file run-v5.pdb (PDB, C-alpha atoms, pLDDT in the B column)
ATOM      1  CA  MET A   1      41.621 -17.154  64.644  1.00 88.00           C
ATOM      2  CA  ALA A   2      39.635 -20.160  63.539  1.00 97.00           C
ATOM      3  CA  THR A   3      38.241 -21.580  60.316  1.00 97.00           C
ATOM      4  CA  LEU A   4      34.662 -22.299  59.356  1.00 97.00           C
ATOM      5  CA  THR A   5      33.957 -24.542  56.349  1.00 98.00           C
ATOM      6  CA  PRO A   6      30.503 -24.054  54.799  1.00 97.00           C
ATOM      7  CA  THR A   7      29.349 -26.450  52.070  1.00 97.00           C
ATOM      8  CA  LEU A   8      26.289 -26.033  49.869  1.00 97.00           C
ATOM      9  CA  LYS A   9      25.046 -28.950  47.775  1.00 97.00           C
ATOM     10  CA  LEU A  10      22.089 -28.743  45.360  1.00 96.00           C
ATOM     11  CA  VAL A  11      20.977 -31.960  43.655  1.00 97.00           C
ATOM     12  CA  SER A  12      17.861 -32.747  41.612  1.00 97.00           C
ATOM     13  CA  THR A  13      16.852 -35.012  38.746  1.00 95.00           C
ATOM     14  CA  ASP A  14      13.505 -33.345  38.042  1.00 95.00           C
ATOM     15  CA  VAL A  15      13.813 -29.595  38.659  1.00 93.00           C
ATOM     16  CA  SER A  16      14.511 -28.995  34.948  1.00 92.00           C
ATOM     17  CA  SER A  17      15.146 -30.934  31.762  1.00 93.00           C
ATOM     18  CA  ASP A  18      18.783 -31.349  32.859  1.00 93.00           C
ATOM     19  CA  ALA A  19      19.955 -32.975  36.066  1.00 94.00           C
ATOM     20  CA  LEU A  20      21.246 -30.532  38.647  1.00 96.00           C
ATOM     21  CA  SER A  21      24.355 -31.235  40.708  1.00 97.00           C
ATOM     22  CA  VAL A  22      26.174 -28.287  42.270  1.00 97.00           C
ATOM     23  CA  SER A  23      28.498 -28.413  45.247  1.00 98.00           C
ATOM     24  CA  VAL A  24      30.415 -25.415  46.600  1.00 98.00           C
ATOM     25  CA  THR A  25      32.755 -25.358  49.600  1.00 98.00           C
ATOM     26  CA  ASP A  26      34.716 -22.484  51.089  1.00 98.00           C
ATOM     27  CA  THR A  27      37.105 -21.995  53.985  1.00 98.00           C
ATOM     28  CA  LEU A  28      36.352 -18.879  56.021  1.00 98.00           C
ATOM     29  CA  THR A  29      38.687 -17.328  58.591  1.00 98.00           C
ATOM     30  CA  VAL A  30      36.708 -16.160  61.614  1.00 97.00           C
ATOM     31  CA  GLY A  31      37.399 -14.558  64.973  1.00 95.00           C
ATOM     32  CA  ALA A  32      35.691 -12.928  67.927  1.00 93.00           C
ATOM     33  CA  PRO A  33      33.008 -12.010  68.597  1.00 93.00           C
ATOM     34  CA  SER A  34      30.912 -15.028  67.734  1.00 95.00           C
ATOM     35  CA  VAL A  35      27.807 -16.791  69.010  1.00 96.00           C
ATOM     36  CA  GLY A  36      27.629 -20.581  68.800  1.00 96.00           C
ATOM     37  CA  LEU A  37      24.475 -22.442  67.860  1.00 97.00           C
ATOM     38  CA  SER A  38      21.670 -20.956  69.960  1.00 97.00           C
ATOM     39  CA  LYS A  39      17.872 -20.937  70.108  1.00 97.00           C
ATOM     40  CA  THR A  40      15.457 -18.110  70.812  1.00 97.00           C
ATOM     41  CA  ALA A  41      11.737 -17.490  70.545  1.00 97.00           C
ATOM     42  CA  ILE A  42      10.763 -14.638  68.240  1.00 97.00           C
ATOM     43  CA  ALA A  43       7.689 -12.475  68.696  1.00 94.00           C
ATOM     44  CA  ALA A  44       4.447 -12.691  66.755  1.00 93.00           C
ATOM     45  CA  THR A  45       3.661  -9.991  64.182  1.00 85.00           C
ATOM     46  CA  GLY A  46       3.147  -6.684  65.947  1.00 84.00           C
ATOM     47  CA  GLY A  47       5.619  -7.608  68.673  1.00 83.00           C
ATOM     48  CA  SER A  48       9.199  -6.423  68.913  1.00 88.00           C
ATOM     49  CA  ASP A  49      11.678  -7.864  66.437  1.00 92.00           C
ATOM     50  CA  VAL A  50      14.336 -10.011  68.149  1.00 94.00           C
ATOM     51  CA  THR A  51      17.899  -8.872  67.382  1.00 94.00           C
ATOM     52  CA  VAL A  52      19.859 -11.927  66.267  1.00 94.00           C
ATOM     53  CA  VAL A  53      23.012 -10.039  65.242  1.00 94.00           C
ATOM     54  CA  ALA A  54      23.575  -6.503  66.527  1.00 93.00           C
ATOM     55  CA  SER A  55      25.095  -3.797  64.376  1.00 91.00           C
ATOM     56  CA  SER A  56      28.814  -3.766  65.215  1.00 89.00           C
ATOM     57  CA  THR A  57      32.274  -3.723  63.744  1.00 87.00           C
ATOM     58  CA  GLY A  58      33.299  -6.615  61.520  1.00 94.00           C
ATOM     59  CA  ASN A  59      31.285  -8.365  58.836  1.00 97.00           C
ATOM     60  CA  LYS A  60      29.551 -11.527  60.005  1.00 97.00           C
ATOM     61  CA  TYR A  61      28.698 -14.977  58.660  1.00 97.00           C
ATOM     62  CA  VAL A  62      25.196 -15.799  59.883  1.00 97.00           C
ATOM     63  CA  PHE A  63      23.247 -19.070  60.143  1.00 98.00           C
ATOM     64  CA  MET A  64      19.493 -19.042  60.828  1.00 98.00           C
ATOM     65  CA  LYS A  65      16.959 -21.885  60.830  1.00 98.00           C
ATOM     66  CA  HIS A  66      13.175 -21.993  61.296  1.00 98.00           C
ATOM     67  CA  THR A  67      12.679 -24.952  63.652  1.00 98.00           C
ATOM     68  CA  GLY A  68       9.030 -25.428  62.742  1.00 98.00           C
ATOM     69  CA  LEU A  69       8.078 -25.125  66.407  1.00 98.00           C
ATOM     70  CA  GLN A  70       6.205 -22.549  68.413  1.00 98.00           C
ATOM     71  CA  ALA A  71       7.740 -21.094  71.585  1.00 97.00           C
ATOM     72  CA  ASP A  72       6.379 -23.952  73.760  1.00 97.00           C
ATOM     73  CA  GLY A  73       8.882 -26.222  71.963  1.00 97.00           C
ATOM     74  CA  SER A  74       6.348 -28.889  70.950  1.00 97.00           C
ATOM     75  CA  THR A  75       3.552 -27.293  68.911  1.00 98.00           C
ATOM     76  CA  ALA A  76       4.226 -27.229  65.165  1.00 98.00           C
ATOM     77  CA  THR A  77       3.871 -24.065  63.102  1.00 97.00           C
ATOM     78  CA  THR A  78       3.851 -23.339  59.391  1.00 96.00           C
ATOM     79  CA  GLN A  79       3.988 -19.564  59.798  1.00 97.00           C
ATOM     80  CA  GLU A  80       7.026 -17.881  58.244  1.00 97.00           C
ATOM     81  CA  VAL A  81       9.939 -16.193  59.989  1.00 97.00           C
ATOM     82  CA  VAL A  82      10.682 -12.717  58.618  1.00 96.00           C
ATOM     83  CA  VAL A  83      14.399 -11.838  58.710  1.00 96.00           C
ATOM     84  CA  ASP A  84      15.178  -8.133  58.419  1.00 95.00           C
ATOM     85  CA  PHE A  85      18.465  -6.483  57.489  1.00 92.00           C
ATOM     86  CA  GLY A  86      18.096  -3.158  59.257  1.00 85.00           C
ATOM     87  CA  THR A  87      14.461  -2.316  58.558  1.00 81.00           C
ATOM     88  CA  THR A  88      14.121  -4.228  55.283  1.00 83.00           C
ATOM     89  CA  ASP A  89      12.115  -7.476  55.041  1.00 88.00           C
ATOM     90  CA  SER A  90      14.962  -9.429  53.425  1.00 92.00           C
ATOM     91  CA  ILE A  91      14.443 -13.174  53.916  1.00 96.00           C
ATOM     92  CA  ARG A  92      11.363 -15.326  54.599  1.00 97.00           C
ATOM     93  CA  LEU A  93      11.985 -18.765  56.122  1.00 98.00           C
ATOM     94  CA  SER A  94       9.272 -21.428  56.120  1.00 98.00           C
ATOM     95  CA  SER A  95       9.220 -24.325  58.578  1.00 98.00           C
ATOM     96  CA  GLY A  96      12.479 -26.327  58.320  1.00 98.00           C
ATOM     97  CA  GLU A  97      14.178 -23.832  55.992  1.00 98.00           C
ATOM     98  CA  PHE A  98      17.550 -22.292  56.787  1.00 98.00           C
ATOM     99  CA  ALA A  99      19.944 -19.674  55.479  1.00 98.00           C
ATOM    100  CA  PHE A 100      23.673 -19.051  55.710  1.00 98.00           C
ATOM    101  CA  PHE A 101      24.783 -15.633  54.518  1.00 97.00           C
ATOM    102  CA  PRO A 102      27.391 -12.897  54.942  1.00 96.00           C
ATOM    103  CA  ALA A 103      26.168  -9.735  56.643  1.00 95.00           C
ATOM    104  CA  LYS A 104      27.522  -6.202  56.591  1.00 94.00           C
ATOM    105  CA  ALA A 105      28.961  -5.017  59.931  1.00 93.00           C
ATOM    106  CA  SER A 106      26.769  -1.937  60.214  1.00 91.00           C
ATOM    107  CA  THR A 107      23.502  -3.838  59.682  1.00 92.00           C
ATOM    108  CA  ALA A 108      21.465  -5.271  62.546  1.00 94.00           C
ATOM    109  CA  ILE A 109      19.747  -8.565  61.706  1.00 95.00           C
ATOM    110  CA  THR A 110      16.398  -9.109  63.384  1.00 96.00           C
ATOM    111  CA  ALA A 111      13.604 -11.679  63.168  1.00 96.00           C
ATOM    112  CA  VAL A 112       9.864 -11.743  63.835  1.00 95.00           C
ATOM    113  CA  SER A 113       7.024 -14.145  63.078  1.00 96.00           C
ATOM    114  CA  ALA A 114       4.946 -13.389  59.979  1.00 95.00           C
ATOM    115  CA  GLY A 115       1.823 -14.404  61.889  1.00 95.00           C
ATOM    116  CA  ASN A 116       0.237 -14.619  65.323  1.00 96.00           C
ATOM    117  CA  GLN A 117       2.499 -17.358  66.735  1.00 96.00           C
ATOM    118  CA  THR A 118       5.832 -17.038  68.516  1.00 97.00           C
ATOM    119  CA  ILE A 119       8.410 -19.255  66.783  1.00 98.00           C
ATOM    120  CA  ILE A 120      11.691 -20.840  67.887  1.00 98.00           C
ATOM    121  CA  ILE A 121      14.653 -20.179  65.598  1.00 98.00           C
ATOM    122  CA  GLU A 122      18.186 -21.511  65.723  1.00 98.00           C
ATOM    123  CA  TYR A 123      20.993 -19.104  64.918  1.00 98.00           C
ATOM    124  CA  ALA A 124      24.731 -18.580  65.098  1.00 97.00           C
ATOM    125  CA  TYR A 125      27.205 -16.049  63.792  1.00 97.00           C
ATOM    126  CA  TRP A 126      30.920 -15.639  63.353  1.00 97.00           C
ATOM    127  CA  THR A 127      32.903 -12.471  62.667  1.00 97.00           C
ATOM    128  CA  LYS A 128      35.021 -12.387  59.527  1.00 97.00           C
ATOM    129  CA  ALA A 129      38.700 -12.152  60.477  1.00 95.00           C
TER     130      ALA A 129
END

call {"tool": "encode", "arguments": {"input": "run-v5.pdb", "output": "structure tokens"}}
result
Amino acid sequence: MATLTPTLKLVSTDVSSDALSVSVTDTLTVGAPSVGLSKTAIAATGGSDVTVVASSTGNKYVFMKHTGLQADGSTATTQEVVVDFGTTDSIRLSSGEFAFFPAKASTAITAVSAGNQTIIIEYAYWTKA
């Protein structure tokens, strides 16, 4: 078994009338199976969703990032990445945005472009031990 330490920090002086400063850290115990930081190209709308995390035993911790690049690796894109939990449009990532979230074992996580461009995403997952 291994540990994974996620940290989230939100800081702003102008998002509201009060300054914002929130920092949260956790220590997660993880085991197999896992997939280290990887990249894949996801299909344009109308194409087949790419399975990032298959439905399996064990809850997962998942990281996904929209690289801002099309599948050729050099052309920029502003089209969104649609992340589905099962068949539900659950998360929309714009260029440069990322998400780290826990996922239920029995739910497949897939991704597809919201537009006509194929997009490179980065992803990784770890199984909760």

call {"tool": "residues_around", "arguments": {"input": "run-v5.pdb", "residues": "Val30 in chain A", "least_positions_apart": "5", "cutoff": "12 Å", "atoms": "all atoms listed in the file", "output": "number ranges by chain"}}
result
A: 1-5, 35, 58-62, 102, 125-129

call {"tool": "residues_around", "arguments": {"input": "run-v5.pdb", "residues": "Val11 in chain A", "least_positions_apart": "5", "cutoff": "9 Å", "atoms": "only C-alpha atoms", "output": "ChimeraX atom specification"}}
result
/A:19-23

call {"tool": "write_last_selection", "arguments": {"input": "run-v5.pdb", "atoms": "C-alpha atoms", "output": "short mmCIF file (atom, residue, chain, number, x, y, z; two decimals), keeping the file's coordinate frame"}}
result
data_model
loop_
_atom_site.label_atom_id
_atom_site.label_comp_id
_atom_site.auth_asym_id
_atom_site.auth_seq_id
_atom_site.Cartn_x
_atom_site.Cartn_y
_atom_site.Cartn_z
CA ALA A 19 19.95 -32.98 36.07
CA LEU A 20 21.25 -30.53 38.65
CA SER A 21 24.36 -31.24 40.71
CA VAL A 22 26.17 -28.29 42.27
CA SER A 23 28.50 -28.41 45.25
#

call {"tool": "residues_near_point", "arguments": {"input": "run-v5.pdb", "point": "(16.5, -3.9, 58.3)", "cutoff": "12 Å", "atoms": "only C-alpha atoms", "output": "PyMOL selection string"}}
result
chain A and resi 49-55+82-91+103-104+106-112

call {"tool": "write_last_selection", "arguments": {"input": "run-v5.pdb", "atoms": "C-alpha atoms", "output": "PDB file, in the coordinates of the input"}}
result
ATOM      1  CA  ASP A  49      11.678  -7.864  66.437  1.00 92.00           C
ATOM      2  CA  VAL A  50      14.336 -10.011  68.149  1.00 94.00           C
ATOM      3  CA  THR A  51      17.899  -8.872  67.382  1.00 94.00           C
ATOM      4  CA  VAL A  52      19.859 -11.927  66.267  1.00 94.00           C
ATOM      5  CA  VAL A  53      23.012 -10.039  65.242  1.00 94.00           C
ATOM      6  CA  ALA A  54      23.575  -6.503  66.527  1.00 93.00           C
ATOM      7  CA  SER A  55      25.095  -3.797  64.376  1.00 91.00           C
ATOM      8  CA  VAL A  82      10.682 -12.717  58.618  1.00 96.00           C
ATOM      9  CA  VAL A  83      14.399 -11.838  58.710  1.00 96.00           C
ATOM     10  CA  ASP A  84      15.178  -8.133  58.419  1.00 95.00           C
ATOM     11  CA  PHE A  85      18.465  -6.483  57.489  1.00 92.00           C
ATOM     12  CA  GLY A  86      18.096  -3.158  59.257  1.00 85.00           C
ATOM     13  CA  THR A  87      14.461  -2.316  58.558  1.00 81.00           C
ATOM     14  CA  THR A  88      14.121  -4.228  55.283  1.00 83.00           C
ATOM     15  CA  ASP A  89      12.115  -7.476  55.041  1.00 88.00           C
ATOM     16  CA  SER A  90      14.962  -9.429  53.425  1.00 92.00           C
ATOM     17  CA  ILE A  91      14.443 -13.174  53.916  1.00 96.00           C
ATOM     18  CA  ALA A 103      26.168  -9.735  56.643  1.00 95.00           C
ATOM     19  CA  LYS A 104      27.522  -6.202  56.591  1.00 94.00           C
ATOM     20  CA  SER A 106      26.769  -1.937  60.214  1.00 91.00           C
ATOM     21  CA  THR A 107      23.502  -3.838  59.682  1.00 92.00           C
ATOM     22  CA  ALA A 108      21.465  -5.271  62.546  1.00 94.00           C
ATOM     23  CA  ILE A 109      19.747  -8.565  61.706  1.00 95.00           C
ATOM     24  CA  THR A 110      16.398  -9.109  63.384  1.00 96.00           C
ATOM     25  CA  ALA A 111      13.604 -11.679  63.168  1.00 96.00           C
ATOM     26  CA  VAL A 112       9.864 -11.743  63.835  1.00 95.00           C
TER      27      VAL A 112
END

call {"tool": "resolve_selection", "arguments": {"input": "run-v5.pdb", "expression": "the PyMOL selection byres ((chain A and resi 36-38) around 7)", "output": "PyMOL selection string"}}
result
chain A and resi 34-35+39-40+122-125

call {"tool": "residues_around", "arguments": {"input": "run-v5.pdb", "residues": "range 92-97 of chain A", "least_positions_apart": "2", "cutoff": "8 Å", "atoms": "only C-alpha atoms", "output": "list of chain:residue names"}}
result
A:Lys65, A:His66, A:Thr67, A:Gly68, A:Leu69, A:Thr77, A:Thr78, A:Gln79, A:Glu80, A:Val81, A:Val82, A:Val83, A:Asp89, A:Ser90, A:Ala99

call {"tool": "atom_distance", "arguments": {"input": "run-v5.pdb", "atom1": "CA of Gln70 in chain A", "atom2": "CA of Gly115 in chain A"}}
result
11.3 Å

call {"tool": "atom_distance", "arguments": {"input": "run-v5.pdb", "atom1": "CA of Thr7 in chain A", "atom2": "CA of Phe100 in chain A"}}
result
10.0 Å

call {"tool": "residues_near_point", "arguments": {"input": "run-v5.pdb", "point": "(2.2, -19.8, 68.9)", "cutoff": "7 Å", "atoms": "only C-alpha atoms", "output": "list in words"}}
result
Gln70, Ala71, Asn116, Gln117, Thr118 and Ile119 of chain A

call {"tool": "write_last_selection", "arguments": {"input": "run-v5.pdb", "atoms": "C-alpha atoms", "output": "PDB file, in the frame of the given file"}}
result
ATOM      1  CA  GLN A  70       6.205 -22.549  68.413  1.00 98.00           C
ATOM      2  CA  ALA A  71       7.740 -21.094  71.585  1.00 97.00           C
ATOM      3  CA  ASN A 116       0.237 -14.619  65.323  1.00 96.00           C
ATOM      4  CA  GLN A 117       2.499 -17.358  66.735  1.00 96.00           C
ATOM      5  CA  THR A 118       5.832 -17.038  68.516  1.00 97.00           C
ATOM      6  CA  ILE A 119       8.410 -19.255  66.783  1.00 98.00           C
TER       7      ILE A 119
END

call {"tool": "resolve_selection", "arguments": {"input": "run-v5.pdb", "expression": "the PyMOL selection byres ((chain A and resi 25) around 6)", "output": "list in words"}}
result
Pro6, Thr7, Val24 and Asp26 of chain A

call {"tool": "atom_distance", "arguments": {"input": "run-v5.pdb", "atom1": "CA of Ala43 in chain A", "atom2": "CA of Phe98 in chain A"}}
result
18.3 Å

call {"tool": "closest_residue", "arguments": {"input": "run-v5.pdb", "among": "A:Ala105, A:Ile121, A:Val15, A:Ala32", "to": "Phe63 in chain A", "atoms": "only C-alpha atoms"}}
result
A:Ile121

call {"tool": "closest_residue", "arguments": {"input": "run-v5.pdb", "among": "A:Pro33, A:Ser12, A:Ser74, A:Asp18", "to": "Ser56 in chain A", "atoms": "all atoms listed in the file"}}
result
A:Pro33

call {"tool": "decode", "arguments": {"input": "run-v5.pdb", "residues": "range 30-56 of chain A", "atoms": "N, CA, C and O atoms", "output": "mmCIF file, in the first residue's frame"}}
result
data_model
loop_
_atom_site.group_PDB
_atom_site.id
_atom_site.type_symbol
_atom_site.label_atom_id
_atom_site.label_comp_id
_atom_site.auth_asym_id
_atom_site.auth_seq_id
_atom_site.Cartn_x
_atom_site.Cartn_y
_atom_site.Cartn_z
ATOM 1 N N VAL A 30 -3.674 4.189 -0.833
ATOM 2 C CA VAL A 30 -4.043 3.656 -2.143
ATOM 3 C C VAL A 30 -3.309 2.352 -2.423
ATOM 4 O O VAL A 30 -2.275 2.059 -1.817
ATOM 5 N N GLY A 31 -3.870 1.575 -3.334
ATOM 6 C CA GLY A 31 -3.258 0.313 -3.737
ATOM 7 C C GLY A 31 -3.544 0.033 -5.200
ATOM 8 O O GLY A 31 -4.047 0.882 -5.926
ATOM 9 N N ALA A 32 -3.283 -1.189 -5.603
ATOM 10 C CA ALA A 32 -3.519 -1.594 -6.992
ATOM 11 C C ALA A 32 -5.003 -1.865 -7.201
ATOM 12 O O ALA A 32 -5.701 -2.219 -6.259
ATOM 13 N N PRO A 33 -5.500 -1.696 -8.420
ATOM 14 C CA PRO A 33 -4.777 -1.209 -9.592
ATOM 15 C C PRO A 33 -4.704 0.320 -9.608
ATOM 16 O O PRO A 33 -5.513 1.001 -8.979
ATOM 17 N N SER A 34 -3.738 0.811 -10.331
ATOM 18 C CA SER A 34 -3.603 2.257 -10.520
ATOM 19 C C SER A 34 -3.026 2.511 -11.910
ATOM 20 O O SER A 34 -2.448 1.622 -12.523
ATOM 21 N N VAL A 35 -3.194 3.750 -12.370
ATOM 22 C CA VAL A 35 -2.600 4.179 -13.632
ATOM 23 C C VAL A 35 -1.900 5.500 -13.352
ATOM 24 O O VAL A 35 -2.531 6.455 -12.885
ATOM 25 N N GLY A 36 -0.591 5.544 -13.577
ATOM 26 C CA GLY A 36 0.167 6.771 -13.376
ATOM 27 C C GLY A 36 -0.193 7.814 -14.420
ATOM 28 O O GLY A 36 -0.979 7.553 -15.338
ATOM 29 N N LEU A 37 0.373 8.989 -14.289
ATOM 30 C CA LEU A 37 0.045 10.092 -15.181
ATOM 31 C C LEU A 37 0.212 9.671 -16.635
ATOM 32 O O LEU A 37 1.273 9.225 -17.055
ATOM 33 N N SER A 38 -0.882 9.774 -17.391
ATOM 34 C CA SER A 38 -0.929 9.335 -18.782
ATOM 35 C C SER A 38 -1.613 10.392 -19.637
ATOM 36 O O SER A 38 -2.284 11.274 -19.107
ATOM 37 N N LYS A 39 -1.455 10.270 -20.942
ATOM 38 C CA LYS A 39 -2.144 11.159 -21.888
ATOM 39 C C LYS A 39 -2.890 10.302 -22.896
ATOM 40 O O LYS A 39 -2.436 9.222 -23.264
ATOM 41 N N THR A 40 -4.027 10.836 -23.354
ATOM 42 C CA THR A 40 -4.773 10.190 -24.432
ATOM 43 C C THR A 40 -5.536 11.246 -25.201
ATOM 44 O O THR A 40 -5.845 12.312 -24.657
ATOM 45 N N ALA A 41 -5.819 10.954 -26.450
ATOM 46 C CA ALA A 41 -6.649 11.841 -27.269
ATOM 47 C C ALA A 41 -8.083 11.348 -27.184
ATOM 48 O O ALA A 41 -8.343 10.160 -27.334
ATOM 49 N N ILE A 42 -9.007 12.272 -26.932
ATOM 50 C CA ILE A 42 -10.420 11.909 -26.854
ATOM 51 C C ILE A 42 -11.121 12.342 -28.130
ATOM 52 O O ILE A 42 -10.725 13.297 -28.791
ATOM 53 N N ALA A 43 -12.170 11.621 -28.465
ATOM 54 C CA ALA A 43 -12.889 11.837 -29.723
ATOM 55 C C ALA A 43 -13.687 13.130 -29.721
ATOM 56 O O ALA A 43 -14.066 13.656 -28.670
ATOM 57 N N ALA A 44 -13.956 13.622 -30.928
ATOM 58 C CA ALA A 44 -14.849 14.762 -31.111
ATOM 59 C C ALA A 44 -16.284 14.315 -30.846
ATOM 60 O O ALA A 44 -16.589 13.119 -30.855
ATOM 61 N N THR A 45 -17.170 15.287 -30.591
ATOM 62 C CA THR A 45 -18.583 14.988 -30.374
ATOM 63 C C THR A 45 -19.095 14.086 -31.486
ATOM 64 O O THR A 45 -18.787 14.295 -32.651
ATOM 65 N N GLY A 46 -19.863 13.085 -31.107
ATOM 66 C CA GLY A 46 -20.376 12.128 -32.083
ATOM 67 C C GLY A 46 -19.506 10.898 -32.200
ATOM 68 O O GLY A 46 -19.933 9.878 -32.712
ATOM 69 N N GLY A 47 -18.259 11.007 -31.708
ATOM 70 C CA GLY A 47 -17.371 9.844 -31.699
ATOM 71 C C GLY A 47 -17.587 9.049 -30.422
ATOM 72 O O GLY A 47 -18.421 9.394 -29.585
ATOM 73 N N SER A 48 -16.832 7.991 -30.277
ATOM 74 C CA SER A 48 -16.956 7.147 -29.086
ATOM 75 C C SER A 48 -16.251 7.787 -27.899
ATOM 76 O O SER A 48 -15.119 8.256 -28.023
ATOM 77 N N ASP A 49 -16.953 7.800 -26.749
ATOM 78 C CA ASP A 49 -16.327 8.262 -25.520
ATOM 79 C C ASP A 49 -15.121 7.385 -25.209
ATOM 80 O O ASP A 49 -15.150 6.175 -25.430
ATOM 81 N N VAL A 50 -14.041 7.986 -24.694
ATOM 82 C CA VAL A 50 -12.853 7.251 -24.291
ATOM 83 C C VAL A 50 -13.006 6.888 -22.819
ATOM 84 O O VAL A 50 -13.265 7.766 -21.980
ATOM 85 N N THR A 51 -12.866 5.609 -22.479
ATOM 86 C CA THR A 51 -12.946 5.187 -21.079
ATOM 87 C C THR A 51 -11.621 5.512 -20.401
ATOM 88 O O THR A 51 -10.565 5.016 -20.799
ATOM 89 N N VAL A 52 -11.695 6.374 -19.400
ATOM 90 C CA VAL A 52 -10.513 6.772 -18.632
ATOM 91 C C VAL A 52 -10.353 5.841 -17.433
ATOM 92 O O VAL A 52 -9.253 5.412 -17.110
ATOM 93 N N VAL A 53 -11.460 5.540 -16.763
ATOM 94 C CA VAL A 53 -11.463 4.598 -15.644
ATOM 95 C C VAL A 53 -12.615 3.622 -15.875
ATOM 96 O O VAL A 53 -13.773 4.034 -15.952
ATOM 97 N N ALA A 54 -12.295 2.344 -16.003
ATOM 98 C CA ALA A 54 -13.329 1.334 -16.224
ATOM 99 C C ALA A 54 -14.058 1.029 -14.917
ATOM 100 O O ALA A 54 -13.508 1.187 -13.833
ATOM 101 N N SER A 55 -15.285 0.601 -15.048
ATOM 102 C CA SER A 55 -16.064 0.140 -13.911
ATOM 103 C C SER A 55 -15.383 -1.112 -13.362
ATOM 104 O O SER A 55 -15.071 -2.032 -14.114
ATOM 105 N N SER A 56 -15.089 -1.114 -12.060
ATOM 106 C CA SER A 56 -14.388 -2.258 -11.467
ATOM 107 C C SER A 56 -14.583 -2.239 -9.960
ATOM 108 O O SER A 56 -15.269 -1.367 -9.426
#
